[in-house]
file final_36.pdb (PDB, C-alpha atoms)
ATOM      1  CA  MET A  27     108.031  91.560 138.510
ATOM      2  CA  THR A  28     110.925  93.619 137.234
ATOM      3  CA  ASP A  29     111.736  97.090 138.479
ATOM      4  CA  SER A  30     109.522  99.525 136.544
ATOM      5  CA  ARG A  31     112.437 101.956 136.153
ATOM      6  CA  ARG A  32     114.483  99.451 134.156
ATOM      7  CA  PRO A  33     113.346  97.281 131.280
ATOM      8  CA  ALA A  34     113.752  93.536 131.648
ATOM      9  CA  PRO A  35     116.966  92.207 130.111
ATOM     10  CA  HIS A  36     116.298  91.022 126.559
ATOM     11  CA  ILE A  37     117.633  87.563 125.681
ATOM     12  CA  LEU A  38     117.924  86.092 122.175
ATOM     13  CA  ILE A  39     117.312  82.338 122.149
ATOM     14  CA  VAL A  40     118.888  80.553 119.173
ATOM     15  CA  ASP A  41     117.994  76.901 118.601
ATOM     16  CA  ASP A  42     116.997  74.982 115.497
ATOM     17  CA  GLU A  43     114.258  73.139 117.423
ATOM     18  CA  GLU A  44     111.108  75.244 117.775
ATOM     19  CA  SER A  45     109.935  73.322 120.844
ATOM     20  CA  VAL A  46     113.218  74.041 122.643
ATOM     21  CA  ARG A  47     113.003  77.750 121.783
ATOM     22  CA  GLU A  48     109.441  77.912 123.089
ATOM     23  CA  VAL A  49     110.271  76.134 126.361
ATOM     24  CA  PHE A  50     113.357  78.290 126.939
ATOM     25  CA  ALA A  51     111.329  81.446 126.202
ATOM     26  CA  ARG A  52     108.689  80.424 128.766
ATOM     27  CA  MET A  53     111.359  79.542 131.330
ATOM     28  CA  LEU A  54     113.150  82.856 130.907
ATOM     29  CA  ALA A  55     109.904  84.863 130.897
ATOM     30  CA  HIS A  56     109.034  83.171 134.199
ATOM     31  CA  SER A  57     112.395  84.379 135.546
ATOM     32  CA  GLY A  58     111.661  87.971 134.482
ATOM     33  CA  TYR A  59     113.398  88.228 131.115
ATOM     34  CA  GLU A  60     112.107  89.440 127.777
ATOM     35  CA  THR A  61     112.937  87.049 124.944
ATOM     36  CA  SER A  62     113.205  86.872 121.190
ATOM     37  CA  GLU A  63     113.904  83.765 119.146
ATOM     38  CA  ALA A  64     115.939  82.746 116.117
ATOM     39  CA  SER A  65     115.892  79.382 114.362
ATOM     40  CA  ASP A  66     119.592  79.202 113.430
ATOM     41  CA  GLY A  67     122.777  81.238 113.217
ATOM     42  CA  GLU A  68     121.877  83.115 110.045
ATOM     43  CA  ASP A  69     118.442  83.976 111.442
ATOM     44  CA  ALA A  70     120.090  85.200 114.660
ATOM     45  CA  LEU A  71     122.465  87.466 112.737
ATOM     46  CA  ARG A  72     119.489  88.941 110.815
ATOM     47  CA  VAL A  73     117.590  89.556 114.077
ATOM     48  CA  VAL A  74     120.614  91.242 115.675
ATOM     49  CA  ALA A  75     121.254  93.347 112.547
ATOM     50  CA  ALA A  76     117.647  94.571 112.607
ATOM     51  CA  ARG A  77     117.299  95.094 116.368
ATOM     52  CA  GLY A  78     120.821  95.677 117.640
ATOM     53  CA  PRO A  79     122.649  93.775 120.373
ATOM     54  CA  PHE A  80     120.805  91.834 123.064
ATOM     55  CA  ASP A  81     121.632  91.758 126.762
ATOM     56  CA  ALA A  82     122.524  88.064 126.413
ATOM     57  CA  TYR A  83     122.294  85.155 124.008
ATOM     58  CA  VAL A  84     121.268  81.566 124.718
ATOM     59  CA  ILE A  85     122.709  79.552 121.831
ATOM     60  CA  ASP A  86     122.434  75.875 120.941
ATOM     61  CA  MET A  87     125.846  74.481 120.021
ATOM     62  CA  SER A  88     124.621  71.972 117.410
ATOM     63  CA  MET A  89     122.706  73.630 114.592
ATOM     64  CA  PRO A  90     122.744  73.060 110.846
ATOM     65  CA  THR A  91     124.750  75.446 108.626
ATOM     66  CA  MET A  92     126.411  77.349 111.507
ATOM     67  CA  SER A  93     127.546  75.999 114.868
ATOM     68  CA  GLY A  94     126.803  77.849 118.066
ATOM     69  CA  ALA A  95     130.531  78.511 118.496
ATOM     70  CA  GLU A  96     130.697  80.158 115.058
ATOM     71  CA  LEU A  97     127.621  82.245 115.812
ATOM     72  CA  GLY A  98     129.182  83.338 119.096
ATOM     73  CA  ARG A  99     132.390  84.315 117.286
ATOM     74  CA  ARG A 100     130.452  86.349 114.726
ATOM     75  CA  LEU A 101     128.354  88.096 117.393
ATOM     76  CA  ARG A 102     131.550  89.077 119.218
ATOM     77  CA  LEU A 103     132.973  90.707 116.090
ATOM     78  CA  ASP A 104     130.381  93.483 116.494
ATOM     79  CA  ASP A 105     129.989  93.244 120.275
ATOM     80  CA  PRO A 106     133.138  91.999 122.060
ATOM     81  CA  GLU A 107     131.280  92.176 125.404
ATOM     82  CA  ALA A 108     128.426  89.906 124.249
ATOM     83  CA  LYS A 109     127.208  87.619 127.027
ATOM     84  CA  ILE A 110     126.679  84.143 125.619
ATOM     85  CA  LEU A 111     125.278  81.019 127.251
ATOM     86  CA  TYR A 112     125.906  77.948 125.109
ATOM     87  CA  CYS A 113     123.436  75.087 125.549
ATOM     88  CA  THR A 114     124.515  71.618 124.606
ATOM     89  CA  GLY A 115     123.827  68.000 125.219
ATOM     90  CA  TYR A 116     127.466  67.385 124.298
ATOM     91  CA  SER A 117     129.647  69.664 126.424
ATOM     92  CA  ASP A 118     132.748  67.662 125.466
ATOM     93  CA  ARG A 119     132.243  68.777 121.831
ATOM     94  CA  LEU A 120     132.167  72.424 122.904
ATOM     95  CA  PHE A 121     135.728  72.177 124.129
ATOM     96  CA  GLU A 122     136.889  70.152 121.123
ATOM     97  CA  GLU A 123     135.931  73.069 118.884
ATOM     98  CA  ARG A 124     136.778  75.936 121.230
ATOM     99  CA  GLY A 125     139.403  74.764 123.723
ATOM    100  CA  THR A 126     138.283  77.409 126.223
ATOM    101  CA  LEU A 127     135.469  79.880 126.823
ATOM    102  CA  TRP A 128     136.036  83.605 126.576
ATOM    103  CA  GLU A 129     135.098  86.159 129.178
ATOM    104  CA  HIS A 130     131.304  86.621 129.344
ATOM    105  CA  GLU A 131     130.684  83.102 128.053
ATOM    106  CA  ALA A 132     129.309  80.060 129.860
ATOM    107  CA  PHE A 133     127.665  76.773 128.989
ATOM    108  CA  ILE A 134     124.880  74.675 130.378
ATOM    109  CA  ASP A 135     124.140  71.033 129.647
ATOM    110  CA  LYS A 136     120.800  70.013 128.168
ATOM    111  CA  PRO A 137     118.327  69.080 129.441
ATOM    112  CA  VAL A 138     117.966  72.204 131.558
ATOM    113  CA  THR A 139     115.541  73.004 134.350
ATOM    114  CA  LEU A 140     113.699  76.249 134.979
ATOM    115  CA  ASP A 141     116.015  77.020 137.892
ATOM    116  CA  SER A 142     119.250  76.088 136.133
ATOM    117  CA  LEU A 143     118.517  78.156 133.013
ATOM    118  CA  GLY A 144     117.384  81.195 134.997
ATOM    119  CA  GLN A 145     120.366  80.976 137.315
ATOM    120  CA  ALA A 146     122.858  80.551 134.472
ATOM    121  CA  VAL A 147     121.520  83.615 132.635
ATOM    122  CA  SER A 148     121.455  85.617 135.873
ATOM    123  CA  LEU A 149     125.063  84.696 136.674
ATOM    124  CA  LEU A 150     126.110  85.757 133.195
ATOM    125  CA  LEU A 151     124.275  89.097 133.381
ATOM    126  CA  PHE A 152     124.520  90.075 137.050
ATOM    127  CA  GLY A 153     127.157  87.880 138.694
ATOM    128  CA  HIS A 154     124.586  86.268 141.011
ATOM    129  CA  THR A 155     121.642  83.875 140.679
ATOM    130  CA  ARG A 156     118.735  86.083 141.726
ATOM    131  CA  GLY A 157     117.831  87.444 138.288
ATOM    132  CA  PRO A 158     115.869  90.555 137.368
ATOM    133  CA  LYS A 159     112.936  89.734 139.675
ATOM    134  CA  ALA A 160     115.165  90.277 142.708
ATOM    135  CA  GLY A 161     115.306  94.039 142.106
ATOM    136  CA  ASP A 162     118.967  94.151 141.091
TER     137      ASP A 162
END

call {"tool": "encode", "arguments": {"input": "final_36.pdb", "output": "structure tokens"}}
result
Amino acid sequence: MTDSRRPAPHILIVDDEESVREVFARMLAHSGYETSEASDGEDALRVVAARGPFDAYVIDMSMPTMSGAELGRRLRLDDPEAKILYCTGYSDRLFEERGTLWEHEAFIDKPVTLDSLGQAVSLLLFGHTRGPKAGD
């Protein structure tokens, strides 16, 4: 349970596969996060425009019409401090397109486990792996 004085960090999950979004949302909810979902980069930009910035983003690298790297770049135009976790089954392709990650960015290889996803998001947000349930 999260501290009642602070809302749970809100994470936007962006993946073109509905089943992946649903599993990630359940995993992150189990770790104490609030989640929203977007089906692709354009959908994510609409969600962010309507809601405002999220505490972090979990973004699939390989999506039709807009890559995860491009979405990350566009999110950072409005929020240079955006915390982004790229998810990919092809981490070598991430570095072909990007060369290097920026500050507040990380990646995790698919398939992910409950522990690995929760820990990766926690490291990105808090600098440790305990997450919001630990009473940060």

call {"tool": "residues_around", "arguments": {"input": "final_36.pdb", "residues": "region 131-145 of chain A", "least_positions_apart": "4", "cutoff": "6 Å", "atoms": "all atoms listed in the file", "output": "PyMOL selection string"}}
result
chain A and resi 53+57+109-115+127+155

call {"tool": "closest_residue", "arguments": {"input": "final_36.pdb", "among": "A:Gly153, A:Pro106, A:Pro90, A:Gly78", "to": "Leu38 (chain A)", "atoms": "all atoms listed in the file"}}
result
A:Gly78

call {"tool": "closest_residue", "arguments": {"input": "final_36.pdb", "among": "A:Asp81, A:Glu60, A:Asp86, A:Glu44", "to": "Leu150 (chain A)", "atoms": "only C-alpha atoms"}}
result
A:Asp81

call {"tool": "resolve_selection", "arguments": {"input": "final_36.pdb", "expression": "the PyMOL selection byres ((chain A and resi 68) around 12)", "output": "list in words"}}
result
Val40, Asp41, Asp42, Ala64, Ser65, Asp66, Gly67, Asp69, Ala70, Leu71, Arg72, Val73, Val74, Ala75, Met89, Pro90, Thr91, Met92, Ser93, Gly94, Glu96, Leu97, Gly98, Arg100 and Leu101 of chain A

call {"tool": "closest_residue", "arguments": {"input": "final_36.pdb", "among": "A:His154, A:Glu43, A:Val147, A:Ala108", "to": "Met87 (chain A)", "atoms": "only C-alpha atoms"}}
result
A:Glu43

call {"tool": "resolve_selection", "arguments": {"input": "final_36.pdb", "expression": "the PyMOL selection byres ((chain A and resi 80) around 6)", "output": "PyMOL selection string"}}
result
chain A and resi 36-37+79+81-82

call {"tool": "closest_residue", "arguments": {"input": "final_36.pdb", "among": "A:Tyr83, A:Ser62, A:Leu149, A:Glu107", "to": "Glu48 (chain A)", "atoms": "all atoms listed in the file"}}
result
A:Ser62
